[in-house]
$ cat my_file.csv   # CSV, C-alpha atoms
chain,number,residue,atom,x,y,z
O,1,MET,CA,-3.1,-34.2,-13.0
O,2,ALA,CA,-5.8,-31.6,-13.0
O,3,HIS,CA,-7.1,-33.0,-9.7
O,4,LYS,CA,-3.6,-32.7,-8.2
O,5,GLU,CA,-3.4,-29.1,-9.3
O,6,ASP,CA,-6.8,-28.3,-7.8
O,7,ARG,CA,-5.7,-29.8,-4.5
O,8,ARG,CA,-2.6,-27.7,-4.6
O,9,ARG,CA,-4.6,-24.5,-5.2
O,10,GLN,CA,-6.9,-25.4,-2.3
O,11,SER,CA,-4.0,-26.0,0.0
O,12,ILE,CA,-2.5,-22.6,-0.8
O,13,PHE,CA,-5.8,-20.9,-0.1
O,14,ILE,CA,-6.5,-22.8,3.1
O,15,ASP,CA,-2.9,-22.3,4.4
O,16,GLY,CA,-2.9,-18.7,3.4
O,17,MET,CA,-6.2,-18.0,5.2
O,18,ALA,CA,-4.9,-19.7,8.3
O,19,ILE,CA,-1.9,-17.4,8.4
O,20,THR,CA,-4.2,-14.4,7.7
O,21,MET,CA,-6.4,-15.3,10.6
O,22,ARG,CA,-3.4,-15.8,12.8
O,23,GLU,CA,-2.2,-12.2,12.0
O,24,LEU,CA,-5.6,-10.7,12.5
O,25,ARG,CA,-6.0,-12.4,15.9
O,26,HIS,CA,-2.8,-10.8,17.0
O,27,LEU,CA,-4.6,-7.4,16.8
O,28,ARG,CA,-6.4,-8.3,20.0
O,29,HIS,CA,-3.1,-8.1,21.7
O,30,GLN,CA,-1.8,-5.2,19.7
O,31,PRO,CA,-4.7,-2.8,19.2
O,32,VAL,CA,-2.3,0.1,19.0
O,33,LEU,CA,-1.4,-1.0,15.4
O,34,LEU,CA,-5.0,-0.4,14.2
O,35,LEU,CA,-5.3,2.7,16.4
O,36,GLY,CA,-2.1,4.1,14.9
O,37,GLU,CA,-3.4,3.7,11.4
O,38,VAL,CA,-6.6,5.6,12.3
O,39,VAL,CA,-4.8,8.4,14.1
O,40,PHE,CA,-2.3,8.7,11.3
O,41,ALA,CA,-5.1,9.2,8.8
O,42,VAL,CA,-6.8,11.9,10.8
O,43,LEU,CA,-3.6,13.8,11.5
O,44,PHE,CA,-2.8,13.9,7.8
O,45,VAL,CA,-6.1,15.5,7.0
O,46,VAL,CA,-5.6,18.2,9.6
O,47,LEU,CA,-1.9,18.8,8.9
O,48,PHE,CA,-2.1,19.0,5.1
O,49,GLY,CA,-5.7,20.1,4.6
O,50,TYR,CA,-5.7,23.0,7.0
O,51,VAL,CA,-2.1,23.9,7.9
O,52,PHE,CA,-0.5,23.7,4.4
O,53,GLY,CA,-3.7,24.0,2.3
O,54,SER,CA,-4.0,27.7,2.7
O,55,ALA,CA,-0.6,28.2,1.0
O,56,ILE,CA,-1.2,25.9,-2.0
O,57,SER,CA,-3.3,26.6,-5.1
O,58,VAL,CA,-4.5,24.0,-7.5
O,59,PRO,CA,-3.7,24.6,-11.2
O,60,GLY,CA,-7.0,25.1,-13.0
O,61,GLY,CA,-8.8,26.1,-9.8
O,62,GLY,CA,-10.7,24.0,-7.3
O,63,ASP,CA,-10.7,23.4,-3.6
O,64,TYR,CA,-7.4,22.2,-2.2
O,65,ARG,CA,-9.0,19.7,0.2
O,66,GLU,CA,-10.8,18.0,-2.7
O,67,PHE,CA,-7.4,17.9,-4.5
O,68,LEU,CA,-5.8,16.5,-1.3
O,69,MET,CA,-8.2,13.8,-0.1
O,70,PRO,CA,-7.7,11.3,-3.0
O,71,ALA,CA,-3.9,11.6,-2.3
O,72,LEU,CA,-4.4,10.9,1.4
O,73,PHE,CA,-6.5,7.8,0.6
O,74,ALA,CA,-3.7,6.5,-1.5
O,75,VAL,CA,-0.9,7.5,0.9
O,76,THR,CA,-2.6,6.0,3.9
O,77,VAL,CA,-2.8,2.5,2.3
O,78,PHE,CA,0.6,3.0,0.6
O,79,PHE,CA,2.3,3.6,4.0
O,80,GLY,CA,1.2,0.2,5.2
O,81,VAL,CA,4.3,-1.2,3.5
O,82,THR,CA,6.2,0.0,6.6
O,83,THR,CA,4.1,-2.1,9.0
O,84,THR,CA,4.6,-5.2,6.8
O,85,THR,CA,8.4,-4.7,6.6
O,86,GLU,CA,8.8,-4.3,10.4
O,87,GLU,CA,6.5,-7.2,11.3
O,88,VAL,CA,8.1,-9.6,8.9
O,89,ALA,CA,11.6,-8.6,10.1
O,90,ARG,CA,10.4,-9.2,13.7
O,91,ASP,CA,9.0,-12.6,12.8
O,92,VAL,CA,12.3,-13.6,11.3
O,93,GLU,CA,14.2,-12.4,14.3
O,94,ARG,CA,12.0,-14.3,16.7
O,95,GLY,CA,12.2,-17.5,14.8
O,96,VAL,CA,8.5,-17.5,13.7
O,97,MET,CA,9.4,-17.9,10.1
O,98,ASP,CA,11.6,-20.9,10.9
O,99,ARG,CA,8.6,-22.5,12.7
O,100,PHE,CA,6.4,-21.9,9.6
O,101,ARG,CA,9.1,-23.5,7.4
O,102,SER,CA,9.0,-26.6,9.5
O,103,MET,CA,5.2,-27.0,9.0
O,104,PRO,CA,3.7,-28.9,6.1
O,105,MET,CA,2.2,-26.0,4.3
O,106,SER,CA,2.6,-24.2,0.9
O,107,ARG,CA,5.6,-22.0,0.8
O,108,ILE,CA,3.6,-19.1,-0.6
O,109,ALA,CA,1.0,-19.3,2.2
O,110,VAL,CA,3.0,-17.4,4.8
O,111,PRO,CA,3.7,-14.2,2.7
O,112,LEU,CA,0.2,-14.5,1.2
O,113,GLY,CA,-1.4,-14.6,4.6
O,114,ARG,CA,0.8,-11.8,5.9
O,115,THR,CA,0.1,-9.4,2.9
O,116,THR,CA,-3.7,-10.2,3.1
O,117,ALA,CA,-3.9,-9.6,6.8
O,118,ASP,CA,-2.0,-6.3,6.6
O,119,MET,CA,-4.1,-5.1,3.7
O,120,LEU,CA,-7.3,-5.9,5.7
O,121,VAL,CA,-5.9,-4.0,8.7
O,122,SER,CA,-5.4,-0.9,6.6
O,123,ILE,CA,-9.0,-0.8,5.3
O,124,PRO,CA,-10.5,0.6,8.6
O,125,ALA,CA,-8.0,3.4,8.4
O,126,LEU,CA,-9.2,4.1,4.8
O,127,VAL,CA,-12.8,4.1,5.9
O,128,VAL,CA,-12.0,6.6,8.7
O,129,MET,CA,-10.1,8.7,6.2
O,130,VAL,CA,-13.2,8.7,3.9
O,131,GLY,CA,-15.4,9.8,6.8
O,132,VAL,CA,-13.0,12.6,7.8
O,133,GLY,CA,-12.9,13.7,4.1
O,134,LEU,CA,-16.7,13.9,4.0
O,135,VAL,CA,-16.6,16.0,7.1
O,136,VAL,CA,-14.1,18.5,5.7
O,137,GLY,CA,-16.0,18.9,2.4
O,138,TRP,CA,-14.6,16.3,0.1
O,139,ARG,CA,-17.1,14.6,-2.2
O,140,PRO,CA,-17.0,12.0,-5.0
O,141,HIS,CA,-18.8,13.7,-7.9
O,142,GLU,CA,-18.8,11.0,-10.5
O,143,GLY,CA,-21.1,8.5,-8.9
O,144,LEU,CA,-20.8,5.2,-7.0
O,145,ALA,CA,-19.2,3.0,-9.7
O,146,PRO,CA,-16.2,5.3,-10.5
O,147,ALA,CA,-15.7,5.8,-6.7
O,148,LEU,CA,-15.6,2.1,-6.1
O,149,ALA,CA,-13.2,1.7,-9.0
O,150,ALA,CA,-10.9,4.3,-7.4
O,151,PHE,CA,-10.9,2.5,-4.0
O,152,ALA,CA,-10.2,-0.8,-5.9
O,153,LEU,CA,-7.1,0.8,-7.4
O,154,VAL,CA,-6.0,2.0,-3.9
O,155,ILE,CA,-6.3,-1.5,-2.5
O,156,LEU,CA,-4.6,-3.1,-5.5
O,157,LEU,CA,-1.5,-0.9,-5.4
O,158,GLY,CA,-1.5,-1.0,-1.6
O,159,TYR,CA,-1.6,-4.8,-1.7
O,160,ALA,CA,1.2,-5.0,-4.2
O,161,MET,CA,3.3,-2.8,-2.0
O,162,ARG,CA,2.8,-5.2,0.9
O,163,TRP,CA,4.8,-7.8,-1.1
O,164,VAL,CA,7.6,-5.3,-1.3
O,165,GLY,CA,7.4,-5.0,2.5
O,166,VAL,CA,7.6,-8.8,2.8
O,167,VAL,CA,10.7,-9.0,0.7
O,168,VAL,CA,12.5,-6.2,2.5
O,169,GLY,CA,11.5,-7.6,5.9
O,170,LEU,CA,12.9,-11.1,4.9
O,171,TYR,CA,16.3,-9.5,4.1
O,172,VAL,CA,16.8,-7.1,7.0
O,173,THR,CA,16.9,-7.1,10.8
O,174,PRO,CA,14.2,-5.2,12.8
O,175,ALA,CA,16.8,-2.5,13.6
O,176,THR,CA,17.5,-2.0,9.9
O,177,ALA,CA,13.8,-2.2,9.0
O,178,SER,CA,13.1,0.9,11.1
O,179,ILE,CA,15.6,2.8,9.1
O,180,VAL,CA,14.5,1.4,5.7
O,181,VAL,CA,10.8,2.4,6.3
O,182,ARG,CA,11.8,6.0,6.7
O,183,LEU,CA,12.4,6.0,2.9
O,184,VAL,CA,8.7,5.7,2.3
O,185,LEU,CA,7.9,9.3,3.4
O,186,PRO,CA,10.3,10.8,0.8
O,187,LEU,CA,8.7,8.5,-1.8
O,188,ALA,CA,5.3,9.8,-0.9
O,189,VAL,CA,6.4,13.5,-0.9
O,190,LEU,CA,8.2,13.1,-4.2
O,191,SER,CA,4.8,12.6,-6.0
O,192,ASN,CA,1.8,14.7,-6.9
O,193,ALA,CA,0.2,14.0,-3.5
O,194,PHE,CA,0.5,17.4,-1.9
O,195,VAL,CA,1.6,19.7,-4.8
O,196,PRO,CA,1.3,19.5,-8.5
O,197,THR,CA,4.3,18.3,-10.4
O,198,GLU,CA,4.5,21.1,-13.0
O,199,GLY,CA,6.3,23.5,-10.6
O,200,MET,CA,9.1,21.0,-9.8
O,201,PRO,CA,12.6,21.1,-11.3
O,202,PRO,CA,12.8,18.9,-14.4
O,203,VAL,CA,14.6,15.9,-12.9
O,204,LEU,CA,12.3,15.8,-9.8
O,205,ARG,CA,9.3,16.3,-11.9
O,206,THR,CA,10.1,13.3,-14.1
O,207,ILE,CA,10.7,11.1,-11.0
O,208,ALA,CA,7.5,12.3,-9.4
O,209,GLU,CA,5.4,11.7,-12.5
O,210,TRP,CA,6.8,8.1,-12.9
O,211,ASN,CA,6.2,7.4,-9.2
O,212,PRO,CA,3.5,4.7,-9.0
O,213,LEU,CA,1.9,6.6,-6.2
O,214,SER,CA,1.4,9.6,-8.6
O,215,SER,CA,-0.4,7.4,-11.1
O,216,LEU,CA,-2.7,6.1,-8.4
O,217,ILE,CA,-3.5,9.6,-7.0
O,218,THR,CA,-4.2,11.0,-10.4
O,219,ALA,CA,-6.5,8.0,-11.2
O,220,CYS,CA,-8.4,8.6,-8.0
O,221,ARG,CA,-8.8,12.3,-8.6
O,222,GLU,CA,-10.2,11.6,-12.1
O,223,LEU,CA,-12.6,8.9,-10.9
O,224,PHE,CA,-13.8,10.9,-8.0
O,225,GLY,CA,-14.3,14.0,-10.2
O,226,ASN,CA,-11.9,16.1,-8.0
O,227,PRO,CA,-9.4,18.7,-9.2
O,228,VAL,CA,-6.6,16.8,-10.9
O,229,GLY,CA,-3.9,19.5,-11.4
O,230,THR,CA,-2.1,17.6,-14.2
O,231,ALA,CA,-0.2,19.7,-16.7
O,232,ALA,CA,-0.9,19.2,-20.4
O,233,ASP,CA,2.7,18.1,-21.0
O,234,ALA,CA,2.7,15.6,-18.1
O,235,SER,CA,4.4,12.2,-18.6
O,236,TRP,CA,2.5,9.1,-19.9
O,237,PRO,CA,1.6,7.7,-16.4
O,238,LEU,CA,-0.3,10.9,-15.5
O,239,GLN,CA,-2.0,11.1,-18.9
O,240,ASN,CA,-3.2,7.5,-18.5
O,241,PRO,CA,-3.4,7.1,-14.8
O,242,VAL,CA,-5.8,4.2,-14.5
O,243,ILE,CA,-3.9,2.0,-16.9
O,244,ALA,CA,-0.6,3.0,-15.4
O,245,THR,CA,-1.7,2.1,-11.9
O,246,VAL,CA,-2.8,-1.3,-13.0
O,247,VAL,CA,0.4,-1.9,-14.9
O,248,TRP,CA,2.5,-0.7,-11.9
O,249,SER,CA,0.6,-3.0,-9.6
O,250,LEU,CA,1.0,-6.0,-11.8
O,251,LEU,CA,4.7,-5.4,-12.4
O,252,ILE,CA,5.3,-5.1,-8.7
O,253,LEU,CA,3.5,-8.4,-8.0
O,254,LEU,CA,5.2,-10.2,-10.9
O,255,VAL,CA,8.6,-9.2,-9.5
O,256,PHE,CA,8.1,-9.4,-5.7
O,257,VAL,CA,5.8,-12.4,-5.3
O,258,PRO,CA,8.4,-14.8,-6.7
O,259,VAL,CA,11.2,-13.1,-4.8
O,260,ALA,CA,9.3,-13.3,-1.5
O,261,VAL,CA,8.6,-17.0,-2.0
O,262,ALA,CA,12.2,-17.8,-3.0
O,263,ARG,CA,13.5,-15.8,0.0
O,264,PHE,CA,11.2,-17.6,2.4
O,265,ARG,CA,12.5,-20.9,1.1
O,266,LYS,CA,16.1,-19.9,1.5
O,267,PRO,CA,16.4,-17.9,4.7
O,268,GLU,CA,20.1,-17.3,4.8
O,269,ARG,CA,20.9,-13.7,5.5
$ encode --input "my_file.csv" --output "structure tokens"
Amino acid sequence: MAHKEDRRRQSIFIDGMAITMRELRHLRHQPVLLLGEVVFAVLFVVLFGYVFGSAISVPGGGDYREFLMPALFAVTVFFGVTTTTEEVARDVERGVMDRFRSMPMSRIAVPLGRTTADMLVSIPALVVMVGVGLVVGWRPHEGLAPALAAFALVILLGYAMRWVGVVVGLYVTPATASIVVRLVLPLAVLSNAFVPTEGMPPVLRTIAEWNPLSSLITACRELFGNPVGTAADASWPLQNPVIATVVWSLLILLVFVPVAVARFRKPER
């Protein structure tokens, strides 16, 4: 019985990696996807760091670009959910998912391979963003280990959000997907990414402080030693951002991984 379970796990890993490599090989024919991630990262630094930064002050003092950069790291990876949603919807429309279903492979392998590949594609954009941040004056002040922990949290929540993208992509058409992904920008704006939450109206402030992205951004700011801008009366997720980020990520995975696998098995729209 144990041997059978080991073979099953091995099959999931092998099949998942095969799908991952398939998706990564497609980048040779679609380099614009990777280029778009990088350009998007640079534009965000210029737009928010220099155009808006002069008009925004950080509570408690501190440089706005140091306040901003951890948010941009998180937002860059977080936005990857849009790519996953659109690519999965296109695969469904073109019959790629039907071909995968006809193959003798684990049912979790396809969404696992897709989310892993998309997460790997977003890492170069994150590296570029870090380089741009260093150029404009951002620094991690708490040392290597906390900085690595911050980036691990970015990747963890970003990966969890890829599973949300898989589920949405399996349910919608490509045309609908392009509309759905526009909702990601308001979700990013309604957080503490660009401005502190304490000046927001009560309802919006509550939503922003319970936004998983706000927890991740606050955790990164603390771990990097950058200005945090969190009010003393902030909600629990901003008072315990590292724990909250891990909890949010695990909850998203616990909900959306089974839904993605179930939807892949039953493709009826």
$ residues_near_point --input "my_file.csv" --point "(-9.4, 12.5, -3.6)" --cutoff "8 Å" --atoms "only C-alpha atoms" --output "PyMOL selection string"
chain O and resi 66-73+138+140+217+220-221+224+226
$ residues_around --input "my_file.csv" --residues "Val242 of chain O" --least-positions-apart "2" --cutoff "12 Å" --atoms "all atoms listed in the file" --output "PyMOL selection string"
chain O and resi 146+149-154+156-157+212-223+236-240+244-249
$ closest_residue --input "my_file.csv" --among "O:Phe40, O:Tyr171, O:Phe264, O:Tyr159" --to "Ser106 of chain O" --atoms "all atoms listed in the file"
O:Phe264
$ atom_distance --input "my_file.csv" --atom1 "atom CA of Thr230 of chain O" --atom2 "atom CA of Val203 of chain O"
16.8 Å
$ residues_around --input "my_file.csv" --residues "Asn192 of chain O" --least-positions-apart "3" --cutoff "7 Å" --atoms "all atoms listed in the file" --output "list in words"
Val195, Pro196, Thr197, Ala208 and Ser214 of chain O
$ residues_around --input "my_file.csv" --residues "Ser178 of chain O" --least-positions-apart "5" --cutoff "10 Å" --atoms "only C-alpha atoms" --output "ChimeraX atom specification"
/O:82-83,85-86,89,172-173,183
$ atom_distance --input "my_file.csv" --atom1 "atom CA of Val128 of chain O" --atom2 "atom CA of Val42 of chain O"
7.7 Å
$ atom_distance --input "my_file.csv" --atom1 "atom CA of Leu112 of chain O" --atom2 "atom CA of Trp163 of chain O"
8.4 Å
$ residues_around --input "my_file.csv" --residues "Met161 of chain O" --least-positions-apart "2" --cutoff "12 Å" --atoms "only C-alpha atoms" --output "MDAnalysis selection string"
chainID O and resid 74:75 77:85 115:116 118:119 154:159 163:168 184 212:213 248:257
$ closest_residue --input "my_file.csv" --among "O:Leu170, O:Ala188, O:Val136, O:Ala231" --to "Tyr50 of chain O" --atoms "all atoms listed in the file"
O:Val136
$ decode --input "my_file.csv" --residues "segment 153-239 of chain O" --atoms "C-alpha atoms" --output "PDB file, in the first residue's frame"
ATOM      1  CA  LEU O 153       6.416  35.052   1.381  1.00  0.00           C
ATOM      2  CA  VAL O 154       6.042  36.915  -1.931  1.00  0.00           C
ATOM      3  CA  ILE O 155       6.494  33.683  -3.857  1.00  0.00           C
ATOM      4  CA  LEU O 156       4.188  31.739  -1.515  1.00  0.00           C
ATOM      5  CA  LEU O 157       1.207  34.080  -1.845  1.00  0.00           C
ATOM      6  CA  GLY O 158       1.928  34.620  -5.536  1.00  0.00           C
ATOM      7  CA  TYR O 159       1.867  30.854  -6.091  1.00  0.00           C
ATOM      8  CA  ALA O 160      -1.378  30.500  -4.162  1.00  0.00           C
ATOM      9  CA  MET O 161      -2.952  33.179  -6.345  1.00  0.00           C
ATOM     10  CA  ARG O 162      -1.948  31.225  -9.461  1.00  0.00           C
ATOM     11  CA  TRP O 163      -4.388  28.523  -8.338  1.00  0.00           C
ATOM     12  CA  VAL O 164      -7.126  31.151  -8.200  1.00  0.00           C
ATOM     13  CA  GLY O 165      -6.211  31.996 -11.786  1.00  0.00           C
ATOM     14  CA  VAL O 166      -6.468  28.332 -12.821  1.00  0.00           C
ATOM     15  CA  VAL O 167      -9.954  28.011 -11.328  1.00  0.00           C
ATOM     16  CA  VAL O 168     -11.217  31.209 -12.948  1.00  0.00           C
ATOM     17  CA  GLY O 169      -9.650  30.262 -16.277  1.00  0.00           C
ATOM     18  CA  LEU O 170     -11.343  26.859 -16.229  1.00  0.00           C
ATOM     19  CA  TYR O 171     -14.733  28.502 -15.744  1.00  0.00           C
ATOM     20  CA  VAL O 172     -14.619  31.412 -18.205  1.00  0.00           C
ATOM     21  CA  THR O 173     -13.979  32.013 -21.892  1.00  0.00           C
ATOM     22  CA  PRO O 174     -10.932  33.994 -23.067  1.00  0.00           C
ATOM     23  CA  ALA O 175     -13.154  37.006 -23.765  1.00  0.00           C
ATOM     24  CA  THR O 176     -14.579  36.881 -20.259  1.00  0.00           C
ATOM     25  CA  ALA O 177     -11.125  36.301 -18.767  1.00  0.00           C
ATOM     26  CA  SER O 178      -9.884  39.606 -20.163  1.00  0.00           C
ATOM     27  CA  ILE O 179     -12.697  41.331 -18.284  1.00  0.00           C
ATOM     28  CA  VAL O 180     -12.250  39.377 -15.048  1.00  0.00           C
ATOM     29  CA  VAL O 181      -8.520  40.125 -14.822  1.00  0.00           C
ATOM     30  CA  ARG O 182      -9.248  43.855 -14.723  1.00  0.00           C
ATOM     31  CA  LEU O 183     -10.570  43.323 -11.211  1.00  0.00           C
ATOM     32  CA  VAL O 184      -7.037  42.585 -10.011  1.00  0.00           C
ATOM     33  CA  LEU O 185      -5.953  46.237 -10.277  1.00  0.00           C
ATOM     34  CA  PRO O 186      -8.695  47.521  -7.918  1.00  0.00           C
ATOM     35  CA  LEU O 187      -7.755  44.729  -5.515  1.00  0.00           C
ATOM     36  CA  ALA O 188      -4.154  45.922  -5.549  1.00  0.00           C
ATOM     37  CA  VAL O 189      -5.115  49.565  -5.154  1.00  0.00           C
ATOM     38  CA  LEU O 190      -7.475  48.764  -2.275  1.00  0.00           C
ATOM     39  CA  SER O 191      -4.573  47.807  -0.045  1.00  0.00           C
ATOM     40  CA  ASN O 192      -1.697  49.503   1.721  1.00  0.00           C
ATOM     41  CA  ALA O 193       0.508  49.170  -1.364  1.00  0.00           C
ATOM     42  CA  PHE O 194       0.628  52.819  -2.372  1.00  0.00           C
ATOM     43  CA  VAL O 195      -0.839  54.736   0.565  1.00  0.00           C
ATOM     44  CA  PRO O 196      -1.257  53.912   4.266  1.00  0.00           C
ATOM     45  CA  THR O 197      -4.691  52.647   5.285  1.00  0.00           C
ATOM     46  CA  GLU O 198      -5.234  54.998   8.224  1.00  0.00           C
ATOM     47  CA  GLY O 199      -6.490  57.832   6.019  1.00  0.00           C
ATOM     48  CA  MET O 200      -9.116  55.698   4.275  1.00  0.00           C
ATOM     49  CA  PRO O 201     -12.856  55.779   5.103  1.00  0.00           C
ATOM     50  CA  PRO O 202     -13.705  53.134   7.759  1.00  0.00           C
ATOM     51  CA  VAL O 203     -15.278  50.587   5.402  1.00  0.00           C
ATOM     52  CA  LEU O 204     -12.522  50.830   2.804  1.00  0.00           C
ATOM     53  CA  ARG O 205      -9.891  50.750   5.523  1.00  0.00           C
ATOM     54  CA  THR O 206     -11.273  47.494   6.915  1.00  0.00           C
ATOM     55  CA  ILE O 207     -11.361  45.911   3.468  1.00  0.00           C
ATOM     56  CA  ALA O 208      -7.822  47.094   2.724  1.00  0.00           C
ATOM     57  CA  GLU O 209      -6.418  45.827   6.017  1.00  0.00           C
ATOM     58  CA  TRP O 210      -7.975  42.385   5.517  1.00  0.00           C
ATOM     59  CA  ASN O 211      -6.737  42.219   1.938  1.00  0.00           C
ATOM     60  CA  PRO O 212      -4.140  39.386   1.750  1.00  0.00           C
ATOM     61  CA  LEU O 213      -1.931  41.656  -0.331  1.00  0.00           C
ATOM     62  CA  SER O 214      -1.773  44.190   2.526  1.00  0.00           C
ATOM     63  CA  SER O 215      -0.560  41.486   4.922  1.00  0.00           C
ATOM     64  CA  LEU O 216       2.157  40.440   2.483  1.00  0.00           C
ATOM     65  CA  ILE O 217       3.294  44.014   1.867  1.00  0.00           C
ATOM     66  CA  THR O 218       3.446  44.826   5.576  1.00  0.00           C
ATOM     67  CA  ALA O 219       5.374  41.617   6.263  1.00  0.00           C
ATOM     68  CA  CYS O 220       7.900  42.520   3.558  1.00  0.00           C
ATOM     69  CA  ARG O 221       8.318  46.058   4.883  1.00  0.00           C
ATOM     70  CA  GLU O 222       9.007  44.738   8.369  1.00  0.00           C
ATOM     71  CA  LEU O 223      11.408  42.041   7.194  1.00  0.00           C
ATOM     72  CA  PHE O 224      13.304  44.473   4.957  1.00  0.00           C
ATOM     73  CA  GLY O 225      13.422  47.108   7.690  1.00  0.00           C
ATOM     74  CA  ASN O 226      11.643  49.659   5.471  1.00  0.00           C
ATOM     75  CA  PRO O 227       9.019  52.203   6.617  1.00  0.00           C
ATOM     76  CA  VAL O 228       5.861  50.283   7.520  1.00  0.00           C
ATOM     77  CA  GLY O 229       3.245  53.020   7.931  1.00  0.00           C
ATOM     78  CA  THR O 230       0.912  50.827   9.984  1.00  0.00           C
ATOM     79  CA  ALA O 231      -1.337  52.610  12.471  1.00  0.00           C
ATOM     80  CA  ALA O 232      -1.421  51.477  16.097  1.00  0.00           C
ATOM     81  CA  ASP O 233      -5.108  50.560  15.783  1.00  0.00           C
ATOM     82  CA  ALA O 234      -4.696  48.548  12.571  1.00  0.00           C
ATOM     83  CA  SER O 235      -6.539  45.259  12.139  1.00  0.00           C
ATOM     84  CA  TRP O 236      -5.063  41.901  13.179  1.00  0.00           C
ATOM     85  CA  PRO O 237      -3.515  41.014   9.772  1.00  0.00           C
ATOM     86  CA  LEU O 238      -1.406  44.174   9.776  1.00  0.00           C
ATOM     87  CA  GLN O 239      -0.416  43.677  13.398  1.00  0.00           C
TER      88      GLN O 239
END
